[in-house]
Amino acid sequence: MTRPRALITGASSGLGRGYALSLAAEKYDLVLVARDEPRLRELATSIETENGTVAEVVVADLSTRTGIDAVRTVIEASPVDLLINNAGYGLKQGLLESEMSELHDQDMVLTGAVRELSLAAVKEMRARGRGGLINVSSMAALTTMGQYAASKMSTLVFTEALAGELRGTQVTVTAVLPGFIRTEFHERLGVERPGPGWIWLSVQQVVTASLRDARRGKVVSIPGVSYGLAARIARFVPRPLVRWGSAGFSLSRRGDC
């Protein structure tokens with residue numbers, strides 16, 4: 001039998017790498033997408049050696065038309081059983097201090113590429129009668145913390161809307177809302193990790209919980225008991241209080257940044 005095939009964006013590190021390793025261990029063939037070619041090729045070689053599966057590499061910048069087209073071509077050229085839109089990053093400055101081009105590029109990666117690749121993939125999946133889509137949103141989508149939160153909320157609503165249109169089919173659509181994860185995200189931003197240690201989830205915790213939820217057909221997956229509770233409470237918090245809390249939350253910059 002042909003092995004299932006998964007395409008993962010942002011696969012070179014963090015959560016994307018975690019998805020790749022977990023799916024490779026389940027004998028998925030993979031298409032690994034990111035900007036960092038050396039890391040991608042190192043990961044692909046490791047996966048093929050240890051698991052005997054195929055790991056293709058697609059080097060693409062999803063903030064660009066060229067990058068999105070390159071990945072879309074792969075999706076439309078051969079079957080993808082599972083698409084995981086995970087690529088993303090934060091900005092070091094707030095809305096007023098960021099360049100318009102920076103805000104545009106971030107939104108393209110977090111929203112535009114997710115929308116276009118999702119639609120390309122699920123149309124193919126629906127025609128074949130099966131498939132899965134996982135879009136990585138964020139608990140930040142429940143806040144008003146800048147362009148990152150706005151883009152992640154857009155992805156959440158888009159994913160929920162797509163799930164509604166695919167109801168009754170064998171194509172599952174899931175939005176994942178991780179909280180704080182132990183990855184390079186904050187290191188790259190040059191900020192201290194906020195909060196107590198117990199709020200931080202491992203990559204494996206998020207990967208395991210979200211894949212389980214997706215396979216069960218859940219539209220929204222919130223890994224971690226405490227984050228699930230926080231999301232339920234957030235629905236009843238008045239928006240003025242959400243805005244106040246979001247404005248009061250700041251990430252501490254390290255002295256060398």
# chains A, B, ... in the order shown; residues from 1 in each chain; ligands from 1
call {"tool": "select_by_dssp", "arguments": {"residues": "segment 135-226 of chain A", "states": "strand (DSSP E)", "output": "PyMOL selection string"}}
result
chain A and resi 135-136+171-176+220-221
call {"tool": "residues_around", "arguments": {"residues": "segment 91-105 of chain A", "least_positions_apart": "3", "cutoff": "7 Å", "atoms": "only C-alpha atoms", "output": "ChimeraX atom specification"}}
result
/A:63,108-109,146-147,189
call {"tool": "closest_residue", "arguments": {"among": "A:Gly228, A:Gly245, A:Gly132, A:Pro178", "to": "Thr144 of chain A", "atoms": "only C-alpha atoms"}}
result
A:Gly245
call {"tool": "atom_distance", "arguments": {"atom1": "atom CA of Val57 of chain A", "atom2": "atom CA of Leu32 of chain A"}}
result
5.0 Å
call {"tool": "closest_residue", "arguments": {"among": "A:Val225, A:Leu21, A:Ala127, A:Val206", "to": "Asp81 of chain A", "atoms": "only C-alpha atoms"}}
result
A:Ala127
call {"tool": "residues_around", "arguments": {"residues": "Ser202 of chain A", "least_positions_apart": "5", "cutoff": "12 Å", "atoms": "only C-alpha atoms", "output": "JSON, numbers by chain"}}
result
{"A": [14, 15, 18, 178, 179, 180, 181, 182, 183, 184, 197, 207, 208, 209, 223, 224]}
call {"tool": "write_last_selection", "arguments": {"atoms": "all heavy atoms", "output": "compact mmCIF listing (two decimals), in the first residue's frame"}}
result
# COMPACT_ATOMS: atom_id res chain seq x y z
N GLY A 14 11.09 23.87 15.75
CA GLY A 14 9.93 24.03 16.63
C GLY A 14 8.81 23.05 16.39
O GLY A 14 9.02 21.84 16.22
N LEU A 15 7.60 23.57 16.37
CA LEU A 15 6.41 22.74 16.24
C LEU A 15 6.38 22.00 14.90
O LEU A 15 6.00 20.82 14.84
CB LEU A 15 5.16 23.62 16.40
CG LEU A 15 3.82 22.90 16.59
CD1 LEU A 15 3.87 21.97 17.79
CD2 LEU A 15 2.71 23.94 16.76
N GLY A 18 8.51 19.09 15.08
CA GLY A 18 7.86 18.08 15.91
C GLY A 18 6.83 17.28 15.15
O GLY A 18 6.75 16.05 15.27
N PRO A 178 -2.28 26.65 20.20
CA PRO A 178 -1.30 26.40 21.26
C PRO A 178 -1.13 27.64 22.14
O PRO A 178 -1.33 28.78 21.68
CB PRO A 178 0.00 26.11 20.49
CG PRO A 178 -0.38 26.06 19.05
CD PRO A 178 -1.63 26.84 18.90
N GLY A 179 -0.75 27.40 23.38
CA GLY A 179 -0.32 28.49 24.23
C GLY A 179 1.19 28.64 24.11
O GLY A 179 1.75 28.53 23.02
N PHE A 180 1.86 28.86 25.23
CA PHE A 180 3.32 28.98 25.20
C PHE A 180 3.95 27.60 25.00
O PHE A 180 3.63 26.65 25.72
CB PHE A 180 3.84 29.60 26.50
CG PHE A 180 3.50 31.06 26.64
CD1 PHE A 180 2.68 31.51 27.68
CD2 PHE A 180 3.98 32.00 25.74
CE1 PHE A 180 2.37 32.85 27.81
CE2 PHE A 180 3.68 33.34 25.87
CZ PHE A 180 2.88 33.77 26.90
N ILE A 181 4.86 27.50 24.02
CA ILE A 181 5.55 26.24 23.72
C ILE A 181 7.05 26.48 23.84
O ILE A 181 7.56 27.53 23.46
CB ILE A 181 5.25 25.76 22.29
CG1 ILE A 181 3.76 25.85 21.97
CG2 ILE A 181 5.73 24.31 22.11
CD1 ILE A 181 3.44 25.55 20.52
N ARG A 182 7.76 25.48 24.32
CA ARG A 182 9.21 25.58 24.43
C ARG A 182 9.85 25.38 23.05
O ARG A 182 10.18 24.26 22.65
CB ARG A 182 9.75 24.54 25.41
CG ARG A 182 9.24 24.72 26.84
CD ARG A 182 9.92 23.75 27.79
NE ARG A 182 9.29 23.79 29.10
CZ ARG A 182 8.33 22.96 29.50
NH1 ARG A 182 7.87 22.03 28.67
NH2 ARG A 182 7.81 23.05 30.70
N THR A 183 9.98 26.47 22.32
CA THR A 183 10.61 26.45 20.99
C THR A 183 11.57 27.64 20.91
O THR A 183 11.81 28.33 21.91
CB THR A 183 9.56 26.57 19.86
OG1 THR A 183 8.96 27.87 19.92
CG2 THR A 183 8.48 25.49 19.99
N GLU A 184 12.05 27.92 19.69
CA GLU A 184 12.96 29.05 19.48
C GLU A 184 12.20 30.36 19.25
O GLU A 184 12.82 31.39 19.00
CB GLU A 184 13.85 28.78 18.26
CG GLU A 184 14.73 27.56 18.40
CD GLU A 184 15.49 27.27 17.12
OE1 GLU A 184 15.36 28.05 16.15
OE2 GLU A 184 16.21 26.26 17.06
N GLY A 197 6.87 28.39 34.97
CA GLY A 197 7.23 27.26 34.13
C GLY A 197 6.07 26.37 33.75
O GLY A 197 6.07 25.77 32.66
N VAL A 207 1.96 18.49 19.68
CA VAL A 207 1.84 17.63 18.49
C VAL A 207 0.91 16.46 18.78
O VAL A 207 -0.01 16.17 18.00
CB VAL A 207 3.23 17.12 18.06
CG1 VAL A 207 3.10 16.00 17.03
CG2 VAL A 207 4.06 18.27 17.49
N THR A 208 1.13 15.78 19.89
CA THR A 208 0.34 14.61 20.22
C THR A 208 -1.13 14.96 20.39
O THR A 208 -2.02 14.30 19.84
CB THR A 208 0.86 13.94 21.51
OG1 THR A 208 2.22 13.53 21.31
CG2 THR A 208 0.02 12.74 21.89
N ALA A 209 -1.41 16.02 21.15
CA ALA A 209 -2.80 16.41 21.41
C ALA A 209 -3.51 16.86 20.13
O ALA A 209 -4.65 16.50 19.88
CB ALA A 209 -2.84 17.51 22.45
N PRO A 223 -4.42 22.32 23.01
CA PRO A 223 -3.60 21.43 23.83
C PRO A 223 -3.35 22.01 25.23
O PRO A 223 -3.12 23.22 25.38
CB PRO A 223 -2.28 21.34 23.05
CG PRO A 223 -2.65 21.70 21.65
CD PRO A 223 -3.72 22.73 21.78
N GLY A 224 -3.40 21.14 26.23
CA GLY A 224 -3.15 21.56 27.60
C GLY A 224 -4.43 21.86 28.34
O GLY A 224 -5.23 22.69 27.88
call {"tool": "atom_distance", "arguments": {"atom1": "atom CA of Val71 of chain A", "atom2": "atom CA of Gln205 of chain A"}}
result
27.5 Å
call {"tool": "select_by_dssp", "arguments": {"residues": "segment 131-248 of chain A", "states": "helix (DSSP H, G or I)", "output": "compact mmCIF listing (two decimals) with N, CA and C atoms, in the first residue's frame"}}
result
# COMPACT_ATOMS: atom_id res chain seq x y z
N MET A 139 -3.39 30.73 20.90
CA MET A 139 -4.20 31.31 21.97
C MET A 139 -4.19 32.83 21.87
N ALA A 140 -3.19 33.38 21.19
CA ALA A 140 -3.13 34.83 20.97
C ALA A 140 -4.34 35.31 20.19
N ALA A 141 -4.99 34.41 19.44
CA ALA A 141 -6.18 34.78 18.66
C ALA A 141 -7.31 35.27 19.56
N LEU A 142 -7.25 34.92 20.85
CA LEU A 142 -8.29 35.32 21.79
C LEU A 142 -7.97 36.66 22.44
N GLY A 146 -1.76 42.89 18.85
CA GLY A 146 -1.07 43.23 17.62
C GLY A 146 -1.44 42.43 16.40
N GLN A 147 -0.64 42.60 15.35
CA GLN A 147 -0.91 41.95 14.07
C GLN A 147 -0.87 40.44 14.18
N TYR A 148 0.00 39.91 15.03
CA TYR A 148 0.08 38.46 15.21
C TYR A 148 -1.26 37.92 15.66
N ALA A 149 -1.86 38.55 16.67
CA ALA A 149 -3.15 38.10 17.18
C ALA A 149 -4.24 38.25 16.12
N ALA A 150 -4.21 39.37 15.39
CA ALA A 150 -5.22 39.60 14.35
C ALA A 150 -5.14 38.54 13.26
N SER A 151 -3.93 38.21 12.84
CA SER A 151 -3.76 37.21 11.79
C SER A 151 -4.16 35.83 12.27
N LYS A 152 -3.81 35.51 13.51
CA LYS A 152 -4.16 34.20 14.05
C LYS A 152 -5.67 34.07 14.25
N MET A 153 -6.35 35.15 14.61
CA MET A 153 -7.81 35.11 14.70
C MET A 153 -8.42 34.89 13.33
N SER A 154 -7.87 35.54 12.32
CA SER A 154 -8.35 35.35 10.96
C SER A 154 -8.23 33.89 10.53
N THR A 155 -7.10 33.28 10.85
CA THR A 155 -6.90 31.87 10.52
C THR A 155 -7.87 30.97 11.26
N LEU A 156 -8.14 31.29 12.52
CA LEU A 156 -9.11 30.52 13.30
C LEU A 156 -10.49 30.56 12.66
N VAL A 157 -10.97 31.76 12.35
CA VAL A 157 -12.31 31.91 11.78
C VAL A 157 -12.37 31.27 10.39
N PHE A 158 -11.34 31.47 9.59
CA PHE A 158 -11.28 30.85 8.26
C PHE A 158 -11.38 29.33 8.36
N THR A 159 -10.64 28.75 9.28
CA THR A 159 -10.63 27.30 9.45
C THR A 159 -11.99 26.79 9.89
N GLU A 160 -12.62 27.49 10.81
CA GLU A 160 -13.95 27.09 11.27
C GLU A 160 -14.96 27.18 10.13
N ALA A 161 -14.86 28.23 9.32
CA ALA A 161 -15.77 28.38 8.18
C ALA A 161 -15.56 27.26 7.17
N LEU A 162 -14.31 26.92 6.92
CA LEU A 162 -14.00 25.85 5.98
C LEU A 162 -14.52 24.51 6.49
N ALA A 163 -14.39 24.28 7.80
CA ALA A 163 -14.90 23.05 8.40
C ALA A 163 -16.41 22.95 8.19
N GLY A 164 -17.10 24.08 8.30
CA GLY A 164 -18.55 24.09 8.09
C GLY A 164 -18.91 23.70 6.67
N GLU A 165 -18.16 24.20 5.70
CA GLU A 165 -18.45 23.89 4.30
C GLU A 165 -18.12 22.44 3.95
N PHE A 185 10.87 30.33 19.32
CA PHE A 185 10.06 31.50 18.96
C PHE A 185 10.49 32.75 19.74
N HIS A 186 10.54 32.65 21.06
CA HIS A 186 10.88 33.82 21.88
C HIS A 186 12.36 34.16 21.79
N GLU A 187 13.19 33.14 21.61
CA GLU A 187 14.63 33.39 21.44
C GLU A 187 14.87 34.24 20.21
N ARG A 188 14.17 33.92 19.11
CA ARG A 188 14.35 34.67 17.87
C ARG A 188 13.84 36.10 18.00
N LEU A 189 12.81 36.29 18.83
CA LEU A 189 12.30 37.64 19.05
C LEU A 189 13.20 38.45 19.97
N GLY A 197 6.87 28.39 34.97
CA GLY A 197 7.23 27.26 34.13
C GLY A 197 6.07 26.37 33.75
N TRP A 198 5.04 26.28 34.60
CA TRP A 198 3.95 25.34 34.34
C TRP A 198 3.09 25.73 33.14
N ILE A 199 3.18 26.98 32.69
CA ILE A 199 2.36 27.37 31.54
C ILE A 199 3.00 26.95 30.22
N VAL A 203 6.88 20.70 22.77
CA VAL A 203 6.45 20.50 21.38
C VAL A 203 5.68 19.19 21.26
N GLN A 204 6.18 18.13 21.91
CA GLN A 204 5.54 16.82 21.79
C GLN A 204 4.13 16.83 22.38
N GLN A 205 3.92 17.55 23.47
CA GLN A 205 2.57 17.65 24.03
C GLN A 205 1.60 18.24 23.02
N VAL A 206 2.01 19.31 22.38
CA VAL A 206 1.14 19.99 21.41
C VAL A 206 0.91 19.11 20.18
N VAL A 207 1.96 18.49 19.68
CA VAL A 207 1.84 17.63 18.49
C VAL A 207 0.91 16.46 18.78
N THR A 208 1.13 15.78 19.89
CA THR A 208 0.34 14.61 20.22
C THR A 208 -1.13 14.96 20.39
N ALA A 209 -1.41 16.02 21.15
CA ALA A 209 -2.80 16.41 21.41
C ALA A 209 -3.51 16.86 20.13
N SER A 210 -2.82 17.65 19.31
CA SER A 210 -3.47 18.20 18.12
C SER A 210 -3.71 17.13 17.05
N LEU A 211 -2.76 16.21 16.88
CA LEU A 211 -2.97 15.13 15.93
C LEU A 211 -4.12 14.22 16.39
N ARG A 212 -4.19 13.97 17.68
CA ARG A 212 -5.29 13.15 18.22
C ARG A 212 -6.63 13.84 17.97
N ASP A 213 -6.70 15.13 18.25
CA ASP A 213 -7.95 15.86 18.06
C ASP A 213 -8.34 15.91 16.59
N ALA A 214 -7.36 16.13 15.72
CA ALA A 214 -7.65 16.18 14.28
C ALA A 214 -8.21 14.86 13.79
N ARG A 215 -7.64 13.76 14.26
CA ARG A 215 -8.10 12.44 13.83
C ARG A 215 -9.49 12.13 14.37
N VAL A 225 -4.62 21.23 29.50
CA VAL A 225 -5.84 21.41 30.28
C VAL A 225 -6.04 22.86 30.69
N SER A 226 -4.96 23.50 31.14
CA SER A 226 -5.08 24.88 31.62
C SER A 226 -5.46 25.83 30.48
N TYR A 227 -4.94 25.58 29.29
CA TYR A 227 -5.28 26.44 28.16
C TYR A 227 -6.71 26.19 27.70
N GLY A 228 -7.17 24.94 27.77
CA GLY A 228 -8.55 24.66 27.44
C GLY A 228 -9.51 25.40 28.37
N LEU A 229 -9.17 25.42 29.64
CA LEU A 229 -9.99 26.14 30.62
C LEU A 229 -9.95 27.64 30.36
N ALA A 230 -8.76 28.16 30.05
CA ALA A 230 -8.61 29.58 29.76
C ALA A 230 -9.45 29.99 28.55
N ALA A 231 -9.50 29.13 27.54
CA ALA A 231 -10.27 29.45 26.34
C ALA A 231 -11.76 29.49 26.65
N ARG A 232 -12.22 28.60 27.51
CA ARG A 232 -13.65 28.61 27.89
C ARG A 232 -13.99 29.88 28.65
N ILE A 233 -13.12 30.27 29.54
CA ILE A 233 -13.35 31.48 30.33
C ILE A 233 -13.33 32.72 29.45
N ALA A 234 -12.42 32.71 28.46
CA ALA A 234 -12.25 33.88 27.59
C ALA A 234 -13.53 34.25 26.85
N ARG A 239 -15.04 42.44 26.20
CA ARG A 239 -13.97 42.88 25.30
C ARG A 239 -13.14 44.03 25.87
N PRO A 240 -13.74 44.98 26.58
CA PRO A 240 -12.89 46.01 27.18
C PRO A 240 -11.83 45.44 28.12
N LEU A 241 -12.20 44.37 28.85
CA LEU A 241 -11.24 43.74 29.74
C LEU A 241 -10.16 42.99 28.95
N VAL A 242 -10.57 42.38 27.85
CA VAL A 242 -9.59 41.71 26.98
C VAL A 242 -8.59 42.73 26.43
N ARG A 243 -9.09 43.88 25.99
CA ARG A 243 -8.20 44.92 25.46
C ARG A 243 -7.26 45.43 26.55
N TRP A 244 -7.80 45.62 27.75
CA TRP A 244 -6.98 46.11 28.86
C TRP A 244 -5.87 45.11 29.18
N GLY A 245 -6.23 43.82 29.26
CA GLY A 245 -5.25 42.81 29.58
C GLY A 245 -4.20 42.65 28.49
N SER A 246 -4.64 42.74 27.24
CA SER A 246 -3.70 42.62 26.12
C SER A 246 -2.72 43.78 26.09
N ALA A 247 -3.23 44.99 26.34
CA ALA A 247 -2.36 46.17 26.33
C ALA A 247 -1.38 46.14 27.49
N GLY A 248 -1.77 45.50 28.60
CA GLY A 248 -0.90 45.44 29.76
C GLY A 248 0.13 44.36 29.72
call {"tool": "decode", "arguments": {"residues": "segment 45-56 of chain A", "atoms": "all heavy atoms", "output": "tab-separated table (two decimals), in the first residue's frame"}}
result
chain	number	residue	atom	x	y	z
A	45	THR	N	17.24	14.18	5.69
A	45	THR	CA	18.20	13.08	5.70
A	45	THR	C	18.03	12.21	6.93
A	45	THR	O	18.03	10.97	6.85
A	45	THR	CB	19.64	13.62	5.63
A	45	THR	OG1	19.81	14.37	4.43
A	45	THR	CG2	20.65	12.49	5.68
A	46	SER	N	17.87	12.85	8.08
A	46	SER	CA	17.69	12.12	9.33
A	46	SER	C	16.42	11.26	9.29
A	46	SER	O	16.43	10.10	9.69
A	46	SER	CB	17.62	13.11	10.50
A	46	SER	OG	17.31	12.44	11.71
A	47	ILE	N	15.33	11.85	8.79
A	47	ILE	CA	14.05	11.13	8.72
A	47	ILE	C	14.15	9.93	7.78
A	47	ILE	O	13.71	8.82	8.11
A	47	ILE	CB	12.93	12.09	8.27
A	47	ILE	CG1	12.54	13.01	9.43
A	47	ILE	CG2	11.72	11.32	7.76
A	47	ILE	CD1	11.56	14.09	9.05
A	48	GLU	N	14.73	10.13	6.61
A	48	GLU	CA	14.83	9.03	5.64
A	48	GLU	C	15.72	7.90	6.16
A	48	GLU	O	15.43	6.72	5.96
A	48	GLU	CB	15.36	9.56	4.31
A	48	GLU	CG	14.36	10.47	3.60
A	48	GLU	CD	14.85	10.94	2.25
A	48	GLU	OE1	16.08	10.93	2.02
A	48	GLU	OE2	14.01	11.31	1.41
A	49	THR	N	16.79	8.27	6.86
A	49	THR	CA	17.72	7.27	7.40
A	49	THR	C	17.07	6.47	8.52
A	49	THR	O	17.19	5.24	8.58
A	49	THR	CB	18.99	7.95	7.93
A	49	THR	OG1	19.63	8.65	6.86
A	49	THR	CG2	19.95	6.92	8.50
A	50	GLU	N	16.37	7.15	9.42
A	50	GLU	CA	15.83	6.49	10.61
A	50	GLU	C	14.50	5.79	10.37
A	50	GLU	O	14.17	4.82	11.06
A	50	GLU	CB	15.67	7.51	11.73
A	50	GLU	CG	16.99	8.08	12.23
A	50	GLU	CD	16.80	9.08	13.36
A	50	GLU	OE1	15.70	9.11	13.95
A	50	GLU	OE2	17.75	9.83	13.65
A	51	ASN	N	13.72	6.26	9.39
A	51	ASN	CA	12.37	5.72	9.22
A	51	ASN	C	12.13	5.01	7.90
A	51	ASN	O	11.11	4.34	7.73
A	51	ASN	CB	11.35	6.85	9.37
A	51	ASN	CG	11.39	7.50	10.73
A	51	ASN	OD1	10.87	6.98	11.71
A	51	ASN	ND2	12.04	8.67	10.80
A	52	GLY	N	13.05	5.17	6.96
A	52	GLY	CA	12.87	4.52	5.67
A	52	GLY	C	11.74	5.10	4.85
A	52	GLY	O	11.20	4.44	3.96
A	53	THR	N	11.38	6.34	5.15
A	53	THR	CA	10.32	7.02	4.40
A	53	THR	C	10.93	8.11	3.53
A	53	THR	O	12.12	8.42	3.64
A	53	THR	CB	9.29	7.65	5.35
A	53	THR	OG1	9.97	8.54	6.26
A	53	THR	CG2	8.57	6.58	6.16
A	54	VAL	N	10.11	8.71	2.68
A	54	VAL	CA	10.57	9.76	1.78
A	54	VAL	C	10.32	11.13	2.42
A	54	VAL	O	9.23	11.38	2.94
A	54	VAL	CB	9.85	9.69	0.42
A	54	VAL	CG1	10.25	10.87	-0.47
A	54	VAL	CG2	10.14	8.37	-0.26
A	55	ALA	N	11.32	12.00	2.39
A	55	ALA	CA	11.17	13.36	2.91
A	55	ALA	C	11.66	14.33	1.85
A	55	ALA	O	12.86	14.52	1.68
A	55	ALA	CB	11.94	13.53	4.21
A	56	GLU	N	10.71	14.93	1.13
A	56	GLU	CA	11.05	15.93	0.11
A	56	GLU	C	11.29	17.29	0.78
A	56	GLU	O	10.70	17.60	1.81
A	56	GLU	CB	9.91	16.07	-0.89
A	56	GLU	CG	9.50	14.79	-1.59
A	56	GLU	CD	8.24	14.99	-2.41
A	56	GLU	OE1	8.20	15.96	-3.22
A	56	GLU	OE2	7.30	14.21	-2.25
